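Have a look at coords_7.pdb below; it lists PDB, N, CA and C atoms.
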ATOM      1  N   MET A  29      14.761  62.780 216.580
ATOM      2  CA  MET A  29      14.710  63.428 215.289
ATOM      3  C   MET A  29      16.120  63.473 214.720
ATOM      4  N   THR A  30      16.252  63.324 213.427
ATOM      5  CA  THR A  30      17.567  63.429 212.801
ATOM      6  C   THR A  30      17.966  64.888 212.747
ATOM      7  N   ASP A  31      19.212  65.142 212.363
ATOM      8  CA  ASP A  31      19.637  66.528 212.227
ATOM      9  C   ASP A  31      19.206  67.111 210.883
ATOM     10  N   GLN A  32      18.488  66.313 210.091
ATOM     11  CA  GLN A  32      17.970  66.775 208.811
ATOM     12  C   GLN A  32      16.612  67.453 209.027
ATOM     13  N   PRO A  33      16.281  68.422 208.197
ATOM     14  CA  PRO A  33      14.933  68.993 208.286
ATOM     15  C   PRO A  33      13.909  67.954 207.836
ATOM     16  N   THR A  34      12.663  68.193 208.157
ATOM     17  CA  THR A  34      11.609  67.292 207.720
ATOM     18  C   THR A  34      11.613  67.219 206.201
ATOM     19  N   VAL A  35      11.539  66.020 205.679
ATOM     20  CA  VAL A  35      11.560  65.808 204.229
ATOM     21  C   VAL A  35      10.159  65.414 203.806
ATOM     22  N   THR A  36       9.627  66.100 202.845
ATOM     23  CA  THR A  36       8.253  65.827 202.454
ATOM     24  C   THR A  36       8.123  65.272 201.047
ATOM     25  N   THR A  37       9.199  65.210 200.291
ATOM     26  CA  THR A  37       9.093  64.672 198.940
ATOM     27  C   THR A  37      10.039  63.499 198.753
ATOM     28  N   ALA A  38       9.621  62.575 197.931
ATOM     29  CA  ALA A  38      10.457  61.413 197.646
ATOM     30  C   ALA A  38      11.752  61.830 196.964
ATOM     31  N   ALA A  39      11.700  62.837 196.096
ATOM     32  CA  ALA A  39      12.902  63.275 195.396
ATOM     33  C   ALA A  39      13.955  63.780 196.382
ATOM     34  N   ALA A  40      13.523  64.510 197.394
ATOM     35  CA  ALA A  40      14.465  64.999 198.403
ATOM     36  C   ALA A  40      14.995  63.837 199.239
ATOM     37  N   ALA A  41      14.136  62.901 199.597
ATOM     38  CA  ALA A  41      14.561  61.764 200.405
ATOM     39  C   ALA A  41      15.565  60.907 199.661
ATOM     40  N   ALA A  42      15.403  60.775 198.359
ATOM     41  CA  ALA A  42      16.311  59.959 197.556
ATOM     42  C   ALA A  42      17.726  60.516 197.553
ATOM     43  N   ARG A  43      17.884  61.792 197.858
ATOM     44  CA  ARG A  43      19.219  62.420 197.876
ATOM     45  C   ARG A  43      19.896  62.342 199.238
ATOM     46  N   LEU A  44      19.190  61.865 200.250
ATOM     47  CA  LEU A  44      19.793  61.759 201.580
ATOM     48  C   LEU A  44      20.848  60.662 201.600
ATOM     49  N   PRO A  45      21.910  60.847 202.385
ATOM     50  CA  PRO A  45      22.941  59.804 202.463
ATOM     51  C   PRO A  45      22.426  58.585 203.232
ATOM     52  N   HIS A  46      22.990  57.442 202.900
ATOM     53  CA  HIS A  46      22.650  56.220 203.628
ATOM     54  C   HIS A  46      23.448  56.157 204.910
ATOM     55  N   SER A  47      22.840  55.617 205.935
ATOM     56  CA  SER A  47      23.540  55.402 207.196
ATOM     57  C   SER A  47      24.616  54.347 206.968
ATOM     58  N   PRO A  48      25.727  54.414 207.691
ATOM     59  CA  PRO A  48      26.767  53.400 207.539
ATOM     60  C   PRO A  48      26.192  51.996 207.737
ATOM     61  N   GLY A  49      26.492  51.108 206.797
ATOM     62  CA  GLY A  49      26.023  49.739 206.878
ATOM     63  C   GLY A  49      24.571  49.536 206.507
ATOM     64  N   ARG A  50      23.884  50.570 206.034
ATOM     65  CA  ARG A  50      22.457  50.477 205.670
ATOM     66  C   ARG A  50      22.288  50.768 204.186
ATOM     67  N   ILE A  51      21.238  50.232 203.596
ATOM     68  CA  ILE A  51      20.965  50.501 202.183
ATOM     69  C   ILE A  51      19.710  51.359 202.023
ATOM     70  N   SER A  52      19.388  52.082 203.089
ATOM     71  CA  SER A  52      18.276  53.030 203.055
ATOM     72  C   SER A  52      18.717  54.295 203.776
ATOM     73  N   ALA A  53      18.016  55.376 203.491
ATOM     74  CA  ALA A  53      18.353  56.672 204.085
ATOM     75  C   ALA A  53      17.385  56.997 205.223
ATOM     76  N   LEU A  54      17.932  57.390 206.361
ATOM     77  CA  LEU A  54      17.116  57.768 207.510
ATOM     78  C   LEU A  54      16.499  59.141 207.270
ATOM     79  N   VAL A  55      15.180  59.214 207.425
ATOM     80  CA  VAL A  55      14.454  60.464 207.238
ATOM     81  C   VAL A  55      13.970  60.998 208.582
ATOM     82  N   LEU A  56      13.466  60.106 209.443
ATOM     83  CA  LEU A  56      12.933  60.505 210.741
ATOM     84  C   LEU A  56      13.213  59.400 211.745
ATOM     85  N   ASN A  57      13.693  59.800 212.918
ATOM     86  CA  ASN A  57      13.916  58.840 213.992
ATOM     87  C   ASN A  57      13.384  59.459 215.270
ATOM     88  N   SER A  58      12.262  58.907 215.725
ATOM     89  CA  SER A  58      11.591  59.406 216.910
ATOM     90  C   SER A  58      11.243  58.189 217.768
ATOM     91  N   PRO A  59      11.135  58.330 219.076
ATOM     92  CA  PRO A  59      10.803  57.162 219.893
ATOM     93  C   PRO A  59       9.569  56.423 219.353
ATOM     94  N   GLY A  60       9.755  55.153 219.039
ATOM     95  CA  GLY A  60       8.656  54.336 218.546
ATOM     96  C   GLY A  60       8.373  54.442 217.074
ATOM     97  N   LEU A  61       9.118  55.272 216.349
ATOM     98  CA  LEU A  61       8.844  55.451 214.925
ATOM     99  C   LEU A  61      10.136  55.782 214.181
ATOM    100  N   GLU A  62      10.374  55.075 213.103
ATOM    101  CA  GLU A  62      11.518  55.359 212.234
ATOM    102  C   GLU A  62      11.021  55.337 210.800
ATOM    103  N   VAL A  63      11.386  56.350 210.015
ATOM    104  CA  VAL A  63      10.995  56.431 208.611
ATOM    105  C   VAL A  63      12.268  56.500 207.782
ATOM    106  N   ARG A  64      12.305  55.698 206.725
ATOM    107  CA  ARG A  64      13.465  55.645 205.831
ATOM    108  C   ARG A  64      13.000  55.730 204.389
ATOM    109  N   TRP A  65      13.926  56.095 203.514
ATOM    110  CA  TRP A  65      13.691  56.042 202.075
ATOM    111  C   TRP A  65      14.498  54.868 201.548
ATOM    112  N   TYR A  66      13.866  53.999 200.752
ATOM    113  CA  TYR A  66      14.522  52.804 200.241
ATOM    114  C   TYR A  66      14.274  52.661 198.751
ATOM    115  N   ALA A  67      15.365  52.585 197.998
ATOM    116  CA  ALA A  67      15.328  52.280 196.570
ATOM    117  C   ALA A  67      15.992  50.913 196.438
ATOM    118  N   PRO A  68      15.212  49.841 196.442
ATOM    119  CA  PRO A  68      15.787  48.508 196.524
ATOM    120  C   PRO A  68      16.669  48.161 195.326
ATOM    121  N   PRO A  69      17.847  47.599 195.603
ATOM    122  CA  PRO A  69      18.666  47.103 194.504
ATOM    123  C   PRO A  69      18.026  45.822 193.955
ATOM    124  N   ASN A  70      18.544  45.358 192.844
ATOM    125  CA  ASN A  70      18.030  44.141 192.244
ATOM    126  C   ASN A  70      19.187  43.181 192.026
ATOM    127  N   PRO A  71      19.323  42.112 192.808
ATOM    128  CA  PRO A  71      18.328  41.598 193.739
ATOM    129  C   PRO A  71      18.321  42.353 195.065
ATOM    130  N   ASP A  72      17.193  42.300 195.718
ATOM    131  CA  ASP A  72      16.992  42.953 197.009
ATOM    132  C   ASP A  72      17.526  42.021 198.106
ATOM    133  N   PRO A  73      18.537  42.470 198.872
ATOM    134  CA  PRO A  73      19.167  41.588 199.853
ATOM    135  C   PRO A  73      18.493  41.531 201.223
ATOM    136  N   GLN A  74      17.313  42.088 201.363
ATOM    137  CA  GLN A  74      16.685  42.175 202.685
ATOM    138  C   GLN A  74      16.458  40.824 203.342
ATOM    139  N   GLY A  75      16.492  40.861 204.657
ATOM    140  CA  GLY A  75      16.120  39.713 205.467
ATOM    141  C   GLY A  75      15.130  40.186 206.506
ATOM    142  N   PRO A  76      14.739  39.315 207.414
ATOM    143  CA  PRO A  76      13.780  39.690 208.452
ATOM    144  C   PRO A  76      14.306  40.822 209.339
ATOM    145  N   HIS A  77      13.380  41.638 209.845
ATOM    146  CA  HIS A  77      13.718  42.728 210.759
ATOM    147  C   HIS A  77      13.137  42.432 212.134
ATOM    148  N   ASP A  78      13.607  43.169 213.131
ATOM    149  CA  ASP A  78      13.125  42.949 214.498
ATOM    150  C   ASP A  78      11.959  43.854 214.874
ATOM    151  N   ARG A  79      11.362  44.495 213.856
ATOM    152  CA  ARG A  79      10.193  45.355 214.081
ATOM    153  C   ARG A  79       9.218  45.184 212.919
ATOM    154  N   ASP A  80       7.941  45.438 213.172
ATOM    155  CA  ASP A  80       6.971  45.506 212.079
ATOM    156  C   ASP A  80       7.361  46.654 211.173
ATOM    157  N   GLU A  81       7.011  46.536 209.898
ATOM    158  CA  GLU A  81       7.292  47.638 208.975
ATOM    159  C   GLU A  81       6.208  47.740 207.918
ATOM    160  N   VAL A  82       6.066  48.957 207.413
ATOM    161  CA  VAL A  82       5.128  49.255 206.344
ATOM    162  C   VAL A  82       5.912  49.935 205.241
ATOM    163  N   TYR A  83       5.681  49.502 204.011
ATOM    164  CA  TYR A  83       6.253  50.164 202.836
ATOM    165  C   TYR A  83       5.125  50.899 202.137
ATOM    166  N   VAL A  84       5.378  52.136 201.731
ATOM    167  CA  VAL A  84       4.449  52.886 200.900
ATOM    168  C   VAL A  84       5.173  53.122 199.582
ATOM    169  N   VAL A  85       4.655  52.526 198.520
ATOM    170  CA  VAL A  85       5.304  52.601 197.213
ATOM    171  C   VAL A  85       5.039  53.971 196.596
ATOM    172  N   VAL A  86       6.124  54.655 196.243
ATOM    173  CA  VAL A  86       6.016  55.977 195.623
ATOM    174  C   VAL A  86       6.195  55.855 194.116
ATOM    175  N   THR A  87       7.233  55.149 193.701
ATOM    176  CA  THR A  87       7.508  54.967 192.271
ATOM    177  C   THR A  87       7.873  53.516 192.003
ATOM    178  N   GLY A  88       7.710  53.111 190.754
ATOM    179  CA  GLY A  88       8.117  51.779 190.329
ATOM    180  C   GLY A  88       7.022  50.742 190.475
ATOM    181  N   SER A  89       7.356  49.545 190.006
ATOM    182  CA  SER A  89       6.422  48.427 190.078
ATOM    183  C   SER A  89       7.212  47.125 190.036
ATOM    184  N   GLY A  90       6.540  46.047 190.355
ATOM    185  CA  GLY A  90       7.172  44.735 190.350
ATOM    186  C   GLY A  90       6.372  43.807 191.241
ATOM    187  N   GLU A  91       7.094  42.917 191.912
ATOM    188  CA  GLU A  91       6.460  42.010 192.844
ATOM    189  C   GLU A  91       7.124  42.133 194.203
ATOM    190  N   PHE A  92       6.349  41.906 195.244
ATOM    191  CA  PHE A  92       6.853  41.907 196.605
ATOM    192  C   PHE A  92       6.619  40.515 197.161
ATOM    193  N   GLU A  93       7.676  39.909 197.684
ATOM    194  CA  GLU A  93       7.580  38.562 198.240
ATOM    195  C   GLU A  93       7.641  38.637 199.755
ATOM    196  N   ARG A  94       6.658  38.038 200.400
ATOM    197  CA  ARG A  94       6.602  37.987 201.864
ATOM    198  C   ARG A  94       6.275  36.561 202.258
ATOM    199  N   GLU A  95       7.190  35.952 203.015
ATOM    200  CA  GLU A  95       7.000  34.571 203.460
ATOM    201  C   GLU A  95       6.661  33.637 202.300
ATOM    202  N   GLY A  96       7.357  33.842 201.153
ATOM    203  CA  GLY A  96       7.197  32.963 199.997
ATOM    204  C   GLY A  96       6.015  33.259 199.096
ATOM    205  N   VAL A  97       5.184  34.236 199.460
ATOM    206  CA  VAL A  97       4.021  34.597 198.648
ATOM    207  C   VAL A  97       4.319  35.912 197.941
ATOM    208  N   ARG A  98       4.105  35.929 196.619
ATOM    209  CA  ARG A  98       4.366  37.135 195.831
ATOM    210  C   ARG A  98       3.074  37.853 195.462
ATOM    211  N   ALA A  99       3.156  39.190 195.468
ATOM    212  CA  ALA A  99       2.029  40.031 195.052
ATOM    213  C   ALA A  99       2.584  41.184 194.228
ATOM    214  N   LYS A 100       1.852  41.584 193.209
ATOM    215  CA  LYS A 100       2.274  42.730 192.385
ATOM    216  C   LYS A 100       2.074  44.012 193.177
ATOM    217  N   PHE A 101       2.941  45.003 192.912
ATOM    218  CA  PHE A 101       2.797  46.303 193.559
ATOM    219  C   PHE A 101       3.042  47.409 192.542
ATOM    220  N   GLY A 102       2.565  48.596 192.879
ATOM    221  CA  GLY A 102       2.761  49.784 192.061
ATOM    222  C   GLY A 102       2.589  51.018 192.923
ATOM    223  N   PRO A 103       2.763  52.196 192.345
ATOM    224  CA  PRO A 103       2.658  53.436 193.101
ATOM    225  C   PRO A 103       1.340  53.540 193.878
ATOM    226  N   GLY A 104       1.465  53.955 195.135
ATOM    227  CA  GLY A 104       0.300  54.120 195.992
ATOM    228  C   GLY A 104      -0.007  52.903 196.848
ATOM    229  N   ASP A 105       0.617  51.772 196.548
ATOM    230  CA  ASP A 105       0.346  50.569 197.329
ATOM    231  C   ASP A 105       1.028  50.626 198.687
ATOM    232  N   LEU A 106       0.411  49.972 199.659
ATOM    233  CA  LEU A 106       0.950  49.856 201.008
ATOM    234  C   LEU A 106       1.204  48.372 201.264
ATOM    235  N   LEU A 107       2.420  48.039 201.715
ATOM    236  CA  LEU A 107       2.819  46.657 201.953
ATOM    237  C   LEU A 107       3.200  46.517 203.423
ATOM    238  N   PHE A 108       2.642  45.516 204.101
ATOM    239  CA  PHE A 108       2.934  45.306 205.515
ATOM    240  C   PHE A 108       3.772  44.049 205.694
ATOM    241  N   VAL A 109       4.755  44.129 206.598
ATOM    242  CA  VAL A 109       5.587  42.979 206.954
ATOM    243  C   VAL A 109       5.686  42.932 208.477
ATOM    244  N   ALA A 110       5.285  41.813 209.053
ATOM    245  CA  ALA A 110       5.413  41.641 210.500
ATOM    246  C   ALA A 110       6.868  41.333 210.843
ATOM    247  N   LYS A 111       7.276  41.695 212.060
ATOM    248  CA  LYS A 111       8.657  41.441 212.464
ATOM    249  C   LYS A 111       8.972  39.956 212.316
ATOM    250  N   GLY A 112      10.193  39.680 211.861
ATOM    251  CA  GLY A 112      10.658  38.318 211.706
ATOM    252  C   GLY A 112      10.298  37.644 210.394
ATOM    253  N   GLU A 113       9.461  38.278 209.564
ATOM    254  CA  GLU A 113       9.062  37.660 208.301
ATOM    255  C   GLU A 113      10.097  37.891 207.204
ATOM    256  N   GLN A 114      10.335  36.854 206.401
ATOM    257  CA  GLN A 114      11.183  36.985 205.217
ATOM    258  C   GLN A 114      10.436  37.840 204.197
ATOM    259  N   HIS A 115      11.144  38.761 203.542
ATOM    260  CA  HIS A 115      10.503  39.608 202.543
ATOM    261  C   HIS A 115      11.548  40.252 201.643
ATOM    262  N   ARG A 116      11.106  40.634 200.432
ATOM    263  CA  ARG A 116      11.990  41.327 199.492
ATOM    264  C   ARG A 116      11.195  41.778 198.267
ATOM    265  N   PHE A 117      11.752  42.771 197.583
ATOM    266  CA  PHE A 117      11.209  43.211 196.300
ATOM    267  C   PHE A 117      11.832  42.330 195.224
ATOM    268  N   VAL A 118      11.007  41.891 194.253
ATOM    269  CA  VAL A 118      11.460  40.960 193.225
ATOM    270  C   VAL A 118      11.069  41.488 191.847
ATOM    271  N   GLY A 119      12.005  41.435 190.894
ATOM    272  CA  GLY A 119      11.688  41.812 189.518
ATOM    273  C   GLY A 119      11.123  43.204 189.394
ATOM    274  N   HIS A 120      11.587  44.121 190.226
ATOM    275  CA  HIS A 120      11.039  45.475 190.224
ATOM    276  C   HIS A 120      11.794  46.373 189.244
ATOM    277  N   THR A 121      11.131  47.449 188.866
ATOM    278  CA  THR A 121      11.730  48.401 187.938
ATOM    279  C   THR A 121      12.819  49.209 188.643
ATOM    280  N   LYS A 122      13.749  49.739 187.857
ATOM    281  CA  LYS A 122      14.883  50.484 188.416
ATOM    282  C   LYS A 122      14.457  51.729 189.179
ATOM    283  N   ASP A 123      13.290  52.271 188.859
ATOM    284  CA  ASP A 123      12.838  53.503 189.523
ATOM    285  C   ASP A 123      12.048  53.244 190.808
ATOM    286  N   THR A 124      12.046  52.004 191.294
ATOM    287  CA  THR A 124      11.275  51.686 192.503
ATOM    288  C   THR A 124      11.826  52.460 193.696
ATOM    289  N   GLY A 125      10.943  53.169 194.381
ATOM    290  CA  GLY A 125      11.294  53.917 195.583
ATOM    291  C   GLY A 125      10.141  53.843 196.565
ATOM    292  N   VAL A 126      10.458  53.566 197.834
ATOM    293  CA  VAL A 126       9.409  53.392 198.836
ATOM    294  C   VAL A 126       9.770  54.103 200.132
ATOM    295  N   TRP A 127       8.742  54.591 200.822
ATOM    296  CA  TRP A 127       8.886  55.015 202.203
ATOM    297  C   TRP A 127       8.819  53.743 203.039
ATOM    298  N   VAL A 128       9.699  53.617 204.017
ATOM    299  CA  VAL A 128       9.663  52.485 204.939
ATOM    300  C   VAL A 128       9.386  53.060 206.326
ATOM    301  N   VAL A 129       8.346  52.570 206.970
ATOM    302  CA  VAL A 129       7.978  53.017 208.301
ATOM    303  C   VAL A 129       8.114  51.829 209.248
ATOM    304  N   PHE A 130       9.043  51.950 210.197
ATOM    305  CA  PHE A 130       9.237  50.908 211.204
ATOM    306  C   PHE A 130       8.467  51.284 212.456
ATOM    307  N   GLY A 131       7.782  50.308 213.015
ATOM    308  CA  GLY A 131       7.032  50.520 214.246
ATOM    309  C   GLY A 131       7.937  50.433 215.455
ATOM    310  N   PRO A 132       7.331  50.364 216.631
ATOM    311  CA  PRO A 132       8.118  50.304 217.872
ATOM    312  C   PRO A 132       9.130  49.156 217.862
ATOM    313  N   GLY A 133      10.207  49.344 218.582
ATOM    314  CA  GLY A 133      11.294  48.366 218.649
ATOM    315  C   GLY A 133      10.890  47.079 219.326
ATOM    316  N   LYS A 134      11.871  46.269 219.498
ATOM    317  CA  LYS A 134      11.750  44.926 220.062
ATOM    318  C   LYS A 134      10.803  44.878 221.164
TER     319      LYS A 134
END
Can you present the structure in this file as C-alpha cells?
Amino acid sequence: MTDQPTVTTAAAAARLPHSPGRISALVLNSPGLEVRWYAPPNPDPQGPHDRDEVYVVVTGSGEFEREGVRAKFGPGDLLFVAKGEQHRFVGHTKDTGVWVVFGPGK
C-alpha cells in the first residue's frame, strides 16, 4: 500500500504526484495489483509493459490504438492490453483521464 490514503475520486487522483520517471500517479500498490491515475499527453509516449493492464476511462474521448488497431473510447469504457502489446491513446481530448490497473508482475 502507498503512504497515501485510499483515493476514491478521479479529481483527487489527478492531484497526486507522479513517481520519479513515470507519467502516471501511483494510487495503490499491493502484491499482484497496482492502480495508477493517467492523463495521457498528446502524443502519448507509451510502449509495451511487462504486465497485463486495464484502463477504465473516466473523462475524455478519442481513439485507443492497440497492436495497430484503433477503437474509439469515451467515459465508462474499459480497455484491455496484454503484456508486451504496443498501445497508446491517439487524438484524445485534453481532459482524458483513466484509471490504470496492472495485473500480477512478470
May I have the centre and edge lengths, in Å to one decimal, of an axis-aligned box around the listed atoms of region 94-102 of chain A with 6 Å added to every side, as lines of an AutoDock Vina configuration file?
center_x = 4.6
center_y = 42.0
center_z = 197.8
size_x = 17.5
size_y = 30.1
size_z = 23.4
Margin query: Expand the PyMOL selection byres (((chain A and resi 108-116 and name CA) around 6) and name CA) into the explicit residue set it covers here, and present it as a ChimeraX atom specification.
Written below: /A:72,74-82,92-95,107,117
Notebook entry, point to check: Where does the PyMOL selection byres ((chain A and resi 129) around 5) land in this file, that is, which residues does it pick, as a PyMOL selection string?
Noted result: chain A and resi 62-63+81-82+127-128+130-131
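The gap separating CA of Ala38 (chain A) from CA of Val97 (chain A) is 27.6 Å, in Å to one decimal.
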Next item on the list: Could you tell me which of A:Gly49, A:Lys100, A:Val86, A:Ala42 comes closest to Trp65 (chain A) if we count all atoms listed in the file?
Entry: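 Of the candidates, the smallest distance to Trp65 (chain A) is held by A:Ala42.
Closest to Thr124 (chain A) among A:Asp105, A:Pro73, A:Val84, A:Pro68 is A:Pro68, based on all atoms listed in the file.
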Checklist line | Between atom C of Val118 (chain A) and atom N of Pro71 (chain A), distance in Å (one decimal) | finding: 8.3 Å
If you run DSSP on the backbone, which residues of chain A are alpha helix (DSSP H), as a compact mmCIF listing (two decimals) with N, CA and C atoms, in the frame of the given file?
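The resulting file, out_8.txt, is shown below:
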# COMPACT_ATOMS: atom_id res chain seq x y z
N ALA A 38 9.62 62.58 197.93
CA ALA A 38 10.46 61.41 197.65
C ALA A 38 11.75 61.83 196.96
N ALA A 39 11.70 62.84 196.10
CA ALA A 39 12.90 63.28 195.40
C ALA A 39 13.96 63.78 196.38
N ALA A 40 13.52 64.51 197.39
CA ALA A 40 14.46 65.00 198.40
C ALA A 40 15.00 63.84 199.24
N ALA A 41 14.14 62.90 199.60
CA ALA A 41 14.56 61.76 200.40
C ALA A 41 15.56 60.91 199.66
N ALA A 42 15.40 60.78 198.36
CA ALA A 42 16.31 59.96 197.56
C ALA A 42 17.73 60.52 197.55
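The space between atom N of Thr87 (chain A) and atom C of Pro103 (chain A) spans 6.1 Å.
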Output of region 38-114 of chain A limited to C-alpha atoms, as a PDB file, in the first residue's frame:
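Final output, saved to result.pdb:
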ATOM      1  CA  ALA A  38     -10.600  10.853 -10.161  1.00  0.00           C
ATOM      2  CA  ALA A  39     -10.254  14.505  -9.136  1.00  0.00           C
ATOM      3  CA  ALA A  40      -8.253  13.523  -6.057  1.00  0.00           C
ATOM      4  CA  ALA A  41      -6.129  11.058  -8.030  1.00  0.00           C
ATOM      5  CA  ALA A  42      -5.309  13.713 -10.620  1.00  0.00           C
ATOM      6  CA  ARG A  43      -3.657  15.789  -7.866  1.00  0.00           C
ATOM      7  CA  LEU A  44      -1.306  13.015  -6.741  1.00  0.00           C
ATOM      8  CA  PRO A  45       2.372  13.480  -7.618  1.00  0.00           C
ATOM      9  CA  HIS A  46       3.930  11.353 -10.326  1.00  0.00           C
ATOM     10  CA  SER A  47       6.537   8.813  -9.352  1.00  0.00           C
ATOM     11  CA  PRO A  48      10.057   9.729 -10.497  1.00  0.00           C
ATOM     12  CA  GLY A  49      10.462   8.756 -14.142  1.00  0.00           C
ATOM     13  CA  ARG A  50       6.731   7.957 -14.547  1.00  0.00           C
ATOM     14  CA  ILE A  51       3.949   9.869 -16.278  1.00  0.00           C
ATOM     15  CA  SER A  52       1.222   8.455 -14.054  1.00  0.00           C
ATOM     16  CA  ALA A  53       0.440   8.766 -10.363  1.00  0.00           C
ATOM     17  CA  LEU A  54       0.551   5.732  -8.072  1.00  0.00           C
ATOM     18  CA  VAL A  55      -2.721   5.276  -6.199  1.00  0.00           C
ATOM     19  CA  LEU A  56      -2.433   1.715  -4.850  1.00  0.00           C
ATOM     20  CA  ASN A  57       0.413  -0.776  -4.753  1.00  0.00           C
ATOM     21  CA  SER A  58      -0.406  -4.169  -3.316  1.00  0.00           C
ATOM     22  CA  PRO A  59       1.071  -7.594  -4.112  1.00  0.00           C
ATOM     23  CA  GLY A  60      -0.281  -8.556  -7.526  1.00  0.00           C
ATOM     24  CA  LEU A  61      -2.131  -5.294  -8.100  1.00  0.00           C
ATOM     25  CA  GLU A  62      -1.094  -1.748  -8.966  1.00  0.00           C
ATOM     26  CA  VAL A  63      -3.514   1.111  -9.683  1.00  0.00           C
ATOM     27  CA  ARG A  64      -2.435   4.410 -11.234  1.00  0.00           C
ATOM     28  CA  TRP A  65      -4.057   7.587 -12.496  1.00  0.00           C
ATOM     29  CA  TYR A  66      -3.030   8.523 -16.048  1.00  0.00           C
ATOM     30  CA  ALA A  67      -3.809  11.680 -18.004  1.00  0.00           C
ATOM     31  CA  PRO A  68      -2.103  10.856 -21.298  1.00  0.00           C
ATOM     32  CA  PRO A  69      -0.131  13.603 -23.002  1.00  0.00           C
ATOM     33  CA  ASN A  70      -0.597  14.146 -26.713  1.00  0.00           C
ATOM     34  CA  PRO A  71       1.220  12.392 -28.267  1.00  0.00           C
ATOM     35  CA  ASP A  72       1.088   9.502 -25.829  1.00  0.00           C
ATOM     36  CA  PRO A  73       4.625   8.073 -25.466  1.00  0.00           C
ATOM     37  CA  GLN A  74       3.631   4.668 -24.072  1.00  0.00           C
ATOM     38  CA  GLY A  75       5.281   1.457 -25.117  1.00  0.00           C
ATOM     39  CA  PRO A  76       4.690  -2.169 -24.174  1.00  0.00           C
ATOM     40  CA  HIS A  77       4.576  -3.110 -20.479  1.00  0.00           C
ATOM     41  CA  ASP A  78       5.668  -6.293 -18.730  1.00  0.00           C
ATOM     42  CA  ARG A  79       2.213  -6.870 -17.216  1.00  0.00           C
ATOM     43  CA  ASP A  80      -1.378  -7.032 -18.440  1.00  0.00           C
ATOM     44  CA  GLU A  81      -3.252  -3.802 -17.866  1.00  0.00           C
ATOM     45  CA  VAL A  82      -6.775  -2.459 -17.909  1.00  0.00           C
ATOM     46  CA  TYR A  83      -7.732   1.169 -18.476  1.00  0.00           C
ATOM     47  CA  VAL A  84     -11.046   2.492 -17.183  1.00  0.00           C
ATOM     48  CA  VAL A  85     -11.877   5.760 -18.926  1.00  0.00           C
ATOM     49  CA  VAL A  86     -13.203   8.389 -16.526  1.00  0.00           C
ATOM     50  CA  THR A  87     -13.103  11.531 -18.671  1.00  0.00           C
ATOM     51  CA  GLY A  88     -12.324  12.444 -22.258  1.00  0.00           C
ATOM     52  CA  SER A  89     -12.630  10.719 -25.590  1.00  0.00           C
ATOM     53  CA  GLY A  90     -10.573   9.830 -28.631  1.00  0.00           C
ATOM     54  CA  GLU A  91      -9.078   6.686 -30.057  1.00  0.00           C
ATOM     55  CA  PHE A  92      -7.050   3.933 -28.440  1.00  0.00           C
ATOM     56  CA  GLU A  93      -4.532   2.069 -30.578  1.00  0.00           C
ATOM     57  CA  ARG A  94      -3.523  -1.471 -29.642  1.00  0.00           C
ATOM     58  CA  GLU A  95      -1.267  -3.506 -31.909  1.00  0.00           C
ATOM     59  CA  GLY A  96      -2.065  -1.166 -34.825  1.00  0.00           C
ATOM     60  CA  VAL A  97      -5.859  -1.376 -34.441  1.00  0.00           C
ATOM     61  CA  ARG A  98      -7.732   1.763 -33.377  1.00  0.00           C
ATOM     62  CA  ALA A  99     -11.034   1.940 -31.500  1.00  0.00           C
ATOM     63  CA  LYS A 100     -12.979   4.955 -30.242  1.00  0.00           C
ATOM     64  CA  PHE A 101     -13.306   5.379 -26.484  1.00  0.00           C
ATOM     65  CA  GLY A 102     -15.244   7.556 -24.062  1.00  0.00           C
ATOM     66  CA  PRO A 103     -16.174   7.764 -20.385  1.00  0.00           C
ATOM     67  CA  GLY A 104     -17.074   4.410 -18.860  1.00  0.00           C
ATOM     68  CA  ASP A 105     -15.174   2.343 -21.413  1.00  0.00           C
ATOM     69  CA  LEU A 106     -12.791  -0.410 -20.340  1.00  0.00           C
ATOM     70  CA  LEU A 107      -9.692  -1.064 -22.482  1.00  0.00           C
ATOM     71  CA  PHE A 108      -7.534  -4.182 -22.099  1.00  0.00           C
ATOM     72  CA  VAL A 109      -3.884  -4.534 -23.135  1.00  0.00           C
ATOM     73  CA  ALA A 110      -1.977  -7.795 -22.790  1.00  0.00           C
ATOM     74  CA  LYS A 111       1.632  -7.605 -21.623  1.00  0.00           C
ATOM     75  CA  GLY A 112       4.057  -6.834 -24.425  1.00  0.00           C
ATOM     76  CA  GLU A 113       1.471  -5.244 -26.741  1.00  0.00           C
ATOM     77  CA  GLN A 114       2.088  -1.867 -28.377  1.00  0.00           C
TER      78      GLN A 114
END
